[in-house]
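Structure file final-v6.txt; described as compact mmCIF, C-alpha atoms.
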# COMPACT_ATOMS: atom_id res chain seq x y z
CA MET R 25 29.38 -80.06 -3.97
CA ARG R 26 32.43 -80.74 -1.82
CA ILE R 27 31.88 -80.04 1.87
CA TYR R 28 34.27 -79.99 4.76
CA ARG R 29 33.61 -79.79 8.47
CA VAL R 30 35.69 -78.56 11.38
CA CYS R 31 34.89 -79.94 14.83
CA LEU R 32 35.79 -79.29 18.43
CA GLU R 33 34.95 -82.37 20.47
CA ASP R 34 34.57 -82.85 24.21
CA VAL R 35 36.15 -79.52 25.15
CA ARG R 36 35.96 -79.23 28.93
CA LEU R 37 35.54 -75.67 30.24
CA PHE R 38 34.76 -74.32 33.70
CA GLY R 39 32.11 -71.66 34.11
CA TYR R 40 29.58 -70.05 36.41
CA HIS R 41 26.41 -70.52 34.38
CA GLY R 42 23.01 -71.42 35.76
CA LEU R 43 19.77 -70.18 37.28
CA PHE R 44 20.67 -71.00 40.88
CA SER R 45 22.85 -68.80 43.08
CA GLU R 46 25.08 -71.73 44.08
CA GLU R 47 25.91 -72.30 40.41
CA ARG R 48 27.10 -68.70 40.16
CA ILE R 49 29.23 -69.13 43.30
CA LEU R 50 30.64 -72.66 42.94
CA GLY R 51 30.71 -72.97 39.17
CA ASN R 52 30.62 -76.19 37.19
CA TRP R 53 32.34 -78.06 34.39
CA PHE R 54 30.84 -77.91 30.91
CA ILE R 55 31.50 -80.14 27.91
CA LEU R 56 31.32 -78.36 24.57
CA ASN R 57 31.09 -79.84 21.08
CA LEU R 58 30.98 -77.67 17.98
CA SER R 59 30.92 -78.52 14.31
CA ILE R 60 30.68 -76.17 11.37
CA SER R 61 30.73 -77.02 7.70
CA LYS R 62 31.01 -75.15 4.44
CA GLU R 63 31.52 -75.80 0.77
CA ILE R 64 35.04 -76.25 -0.50
CA THR R 65 35.39 -73.63 -3.24
CA SER R 66 39.15 -73.68 -3.73
CA GLU R 67 42.16 -75.76 -2.80
CA PHE R 68 43.56 -75.21 0.67
CA GLY R 69 47.15 -75.11 -0.54
CA ASP R 70 48.36 -75.63 3.03
CA ASN R 71 47.18 -72.10 3.85
CA ILE R 72 45.39 -71.59 7.19
CA ASP R 73 43.68 -68.47 5.80
CA ARG R 74 41.69 -70.70 3.41
CA THR R 75 40.33 -72.87 6.21
CA MET R 76 38.00 -72.57 9.17
CA ASP R 77 40.69 -72.25 11.84
CA TYR R 78 39.64 -74.38 14.82
CA GLY R 79 41.90 -72.24 17.01
CA GLN R 80 39.68 -69.24 16.27
CA LEU R 81 36.55 -71.28 16.95
CA TYR R 82 38.00 -72.45 20.27
CA ALA R 83 38.88 -68.85 21.22
CA ILE R 84 35.27 -67.79 20.56
CA CYS R 85 33.97 -70.57 22.81
CA VAL R 86 36.39 -69.74 25.63
CA GLU R 87 35.50 -66.04 25.45
CA ILE R 88 31.73 -66.67 25.51
CA MET R 89 32.04 -69.20 28.35
CA ARG R 90 33.77 -66.60 30.57
CA ASP R 91 30.64 -64.47 31.03
CA PRO R 92 28.01 -66.13 33.26
CA VAL R 93 24.50 -66.56 31.86
CA ASP R 94 21.41 -68.35 33.15
CA LEU R 95 20.82 -70.76 30.28
CA LEU R 96 22.84 -73.17 28.16
CA GLU R 97 20.64 -72.02 25.27
CA THR R 98 22.04 -68.51 25.68
CA LEU R 99 25.60 -69.84 25.48
CA CYS R 100 24.74 -71.73 22.28
CA GLU R 101 23.07 -68.68 20.78
CA LYS R 102 26.06 -66.44 21.50
CA ILE R 103 28.60 -68.95 20.18
CA ALA R 104 26.49 -69.54 17.06
CA SER R 105 26.23 -65.83 16.37
CA ARG R 106 30.01 -65.33 16.57
CA CYS R 107 30.75 -68.42 14.43
CA LYS R 108 28.29 -67.28 11.74
CA HIS R 109 29.87 -63.83 11.75
CA LEU R 110 33.31 -65.39 11.27
CA HIS R 111 32.05 -67.79 8.57
CA PRO R 112 28.94 -66.28 6.92
CA ASP R 113 29.16 -68.88 4.13
CA PHE R 114 28.62 -71.78 6.56
CA LEU R 115 26.32 -74.64 5.54
CA GLU R 116 25.64 -76.26 8.88
CA LEU R 117 26.50 -75.40 12.45
CA GLU R 118 25.90 -77.55 15.52
CA ILE R 119 26.76 -76.75 19.12
CA LYS R 120 26.21 -79.05 22.07
CA ILE R 121 26.89 -77.88 25.61
CA GLY R 122 26.54 -80.23 28.55
CA LYS R 123 26.63 -79.30 32.22
CA GLU R 124 28.29 -81.85 34.48
CA HIS R 125 26.46 -82.51 37.74
CA PRO R 126 23.50 -80.16 37.26
CA PRO R 127 21.80 -79.22 40.55
CA MET R 128 18.94 -81.71 40.17
CA GLY R 129 20.11 -84.43 42.54
CA MET R 130 21.63 -86.48 39.72
CA MET R 131 24.33 -88.89 40.84
CA GLY R 132 25.99 -88.89 37.44
CA GLY R 133 25.61 -87.80 33.88
CA ARG R 134 24.98 -84.32 32.59
CA SER R 135 22.26 -82.14 31.15
CA SER R 136 22.81 -80.69 27.69
CA VAL R 137 21.43 -78.48 24.97
CA VAL R 138 21.96 -78.97 21.25
CA TRP R 139 21.73 -76.01 18.86
CA ARG R 140 21.66 -76.66 15.12
CA GLU R 141 21.43 -74.24 12.22
CA SER R 142 21.53 -74.88 8.52
CA SER R 143 21.76 -72.53 5.56
CA LEU R 144 20.78 -75.39 3.26
CA ILE R 145 17.27 -75.40 1.84
CA GLU R 146 15.49 -78.34 3.41

Write the structure described by the file as structure tokens, please.
Amino acid sequence: MRIYRVCLEDVRLFGYHGLFSEERILGNWFILNLSISKEITSEFGDNIDRTMDYGQLYAICVEIMRDPVDLLETLCEKIASRCKHLHPDFLELEIKIGKEHPPMGMMGGRSSVVWRESSLIE
């Protein structure tokens, strides 16, 4: 089996997600990583229609990140759902979303959630 993966790495997006009212008012920066893989069933032939277009994947992420939610898990779930709809023949999908400067008194670093799905039999 030949497999290929498309990745978005360290995409920095601003949003108003979080449980606390100040997060909904002030907003925060989020770092998003996404990877999706599928089996290569034909040659690409330099045709974007035969690929997983990372521009489309990025557009999904930007659209989902626009609407405030309480949890990073919810963002992952929504992005995963849209990606699977776009590529129902996916093999593996992983999304990591980190929140810079979460309101926990941290002087640096970020909190993050990782969402992973596989259609492979394990």

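Using all atoms listed in the file, the smallest distance between any of R:Arg134, R:Lys123, R:Arg29, R:Arg106 and Ile60 (chain R) comes from R:Arg29.
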
Counting all atoms listed in the file, the option among R:Arg140, R:His41, R:Lys62, R:Arg48 closest to Leu95 (chain R) = R:His41

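Counting only C-alpha atoms and comparing R:Lys108, R:Ser61, R:Glu101, R:Leu56, the residue that lies closest to Val86 (chain R) is R:Leu56.
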
Fewer than 4 positions away in the same chain doesn't count, so skip those; otherwise give me all residues within 8 Å of Val138 (chain R), counting all atoms listed in the file, as a PDB file with C-alpha atoms, keeping the file's coordinate frame.
ATOM      1  CA  CYS R 100      24.740 -71.730  22.280  1.00  0.00           C
ATOM      2  CA  GLU R 118      25.900 -77.550  15.520  1.00  0.00           C
ATOM      3  CA  ILE R 119      26.760 -76.750  19.120  1.00  0.00           C
ATOM      4  CA  LYS R 120      26.210 -79.050  22.070  1.00  0.00           C
ATOM      5  CA  ILE R 121      26.890 -77.880  25.610  1.00  0.00           C
TER       6      ILE R 121
END

Distance CA of Asn52 (chain R)-CA of Ser135 (chain R), one decimal place?
-> 11.9 Å

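When the distance limit is 8 Å and all atoms listed in the file are what count, the residues near Gly51 (chain R), minus those fewer than 6 positions from it on the same chain, are Phe38, Gly39, Tyr40 and His41 of chain R.
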
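In this comparison, which uses all atoms listed in the file, the residue of R:His125, R:Leu115, R:Ser136, R:Leu58 approaching Ile103 (chain R) most closely is R:Leu58.
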
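Picture a line from CA of Ile88 (chain R) to CA of Asp34 (chain R); it runs 16.5 Å.
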
Each side padded by 3 Å, which centre and which edge lengths in Å (one decimal) define the axis-aligned box around the listed atoms of region 76-92 of chain R? Give them as JSON.
{"center_x": 35.0, "center_y": -69.4, "center_z": 21.2, "size_x": 19.9, "size_y": 15.9, "size_z": 30.1}

From the set R:Glu97, R:Asp113, R:Leu43, R:Ile55, which residue has the shortest atom-to-atom contact distance to Met76 (chain R), counting all atoms listed in the file?
-> R:Asp113

Mind completing region 60-71 of chain R with N, CA and C atoms? Output as an mmCIF file, in the coordinates of the input, please?
data_model
loop_
_atom_site.group_PDB
_atom_site.id
_atom_site.type_symbol
_atom_site.label_atom_id
_atom_site.label_comp_id
_atom_site.auth_asym_id
_atom_site.auth_seq_id
_atom_site.Cartn_x
_atom_site.Cartn_y
_atom_site.Cartn_z
ATOM 1 N N ILE R 60 31.113 -77.128 12.374
ATOM 2 C CA ILE R 60 30.680 -76.170 11.370
ATOM 3 C C ILE R 60 31.185 -76.657 10.019
ATOM 4 N N SER R 61 30.333 -76.550 9.021
ATOM 5 C CA SER R 61 30.730 -77.020 7.700
ATOM 6 C C SER R 61 30.474 -75.947 6.659
ATOM 7 N N LYS R 62 31.212 -76.047 5.575
ATOM 8 C CA LYS R 62 31.010 -75.150 4.440
ATOM 9 C C LYS R 62 31.488 -75.832 3.171
ATOM 10 N N GLU R 63 31.121 -75.256 2.071
ATOM 11 C CA GLU R 63 31.520 -75.800 0.770
ATOM 12 C C GLU R 63 32.989 -75.500 0.516
ATOM 13 N N ILE R 64 33.654 -76.457 -0.089
ATOM 14 C CA ILE R 64 35.040 -76.250 -0.500
ATOM 15 C C ILE R 64 34.997 -75.604 -1.886
ATOM 16 N N THR R 65 35.457 -74.364 -1.965
ATOM 17 C CA THR R 65 35.390 -73.630 -3.240
ATOM 18 C C THR R 65 36.747 -73.464 -3.895
ATOM 19 N N SER R 66 37.806 -73.744 -3.161
ATOM 20 C CA SER R 66 39.150 -73.680 -3.730
ATOM 21 C C SER R 66 40.048 -74.648 -2.961
ATOM 22 N N GLU R 67 41.209 -74.888 -3.489
ATOM 23 C CA GLU R 67 42.160 -75.760 -2.800
ATOM 24 C C GLU R 67 42.722 -75.040 -1.580
ATOM 25 N N PHE R 68 43.028 -75.804 -0.554
ATOM 26 C CA PHE R 68 43.560 -75.210 0.670
ATOM 27 C C PHE R 68 45.005 -74.761 0.508
ATOM 28 N N GLY R 69 45.769 -75.488 -0.283
ATOM 29 C CA GLY R 69 47.150 -75.110 -0.540
ATOM 30 C C GLY R 69 47.984 -74.952 0.717
ATOM 31 N N ASP R 70 47.636 -75.694 1.759
ATOM 32 C CA ASP R 70 48.360 -75.630 3.030
ATOM 33 C C ASP R 70 48.395 -74.220 3.608
ATOM 34 N N ASN R 71 47.290 -73.478 3.399
ATOM 35 C CA ASN R 71 47.180 -72.100 3.850
ATOM 36 C C ASN R 71 46.050 -71.992 4.870
#
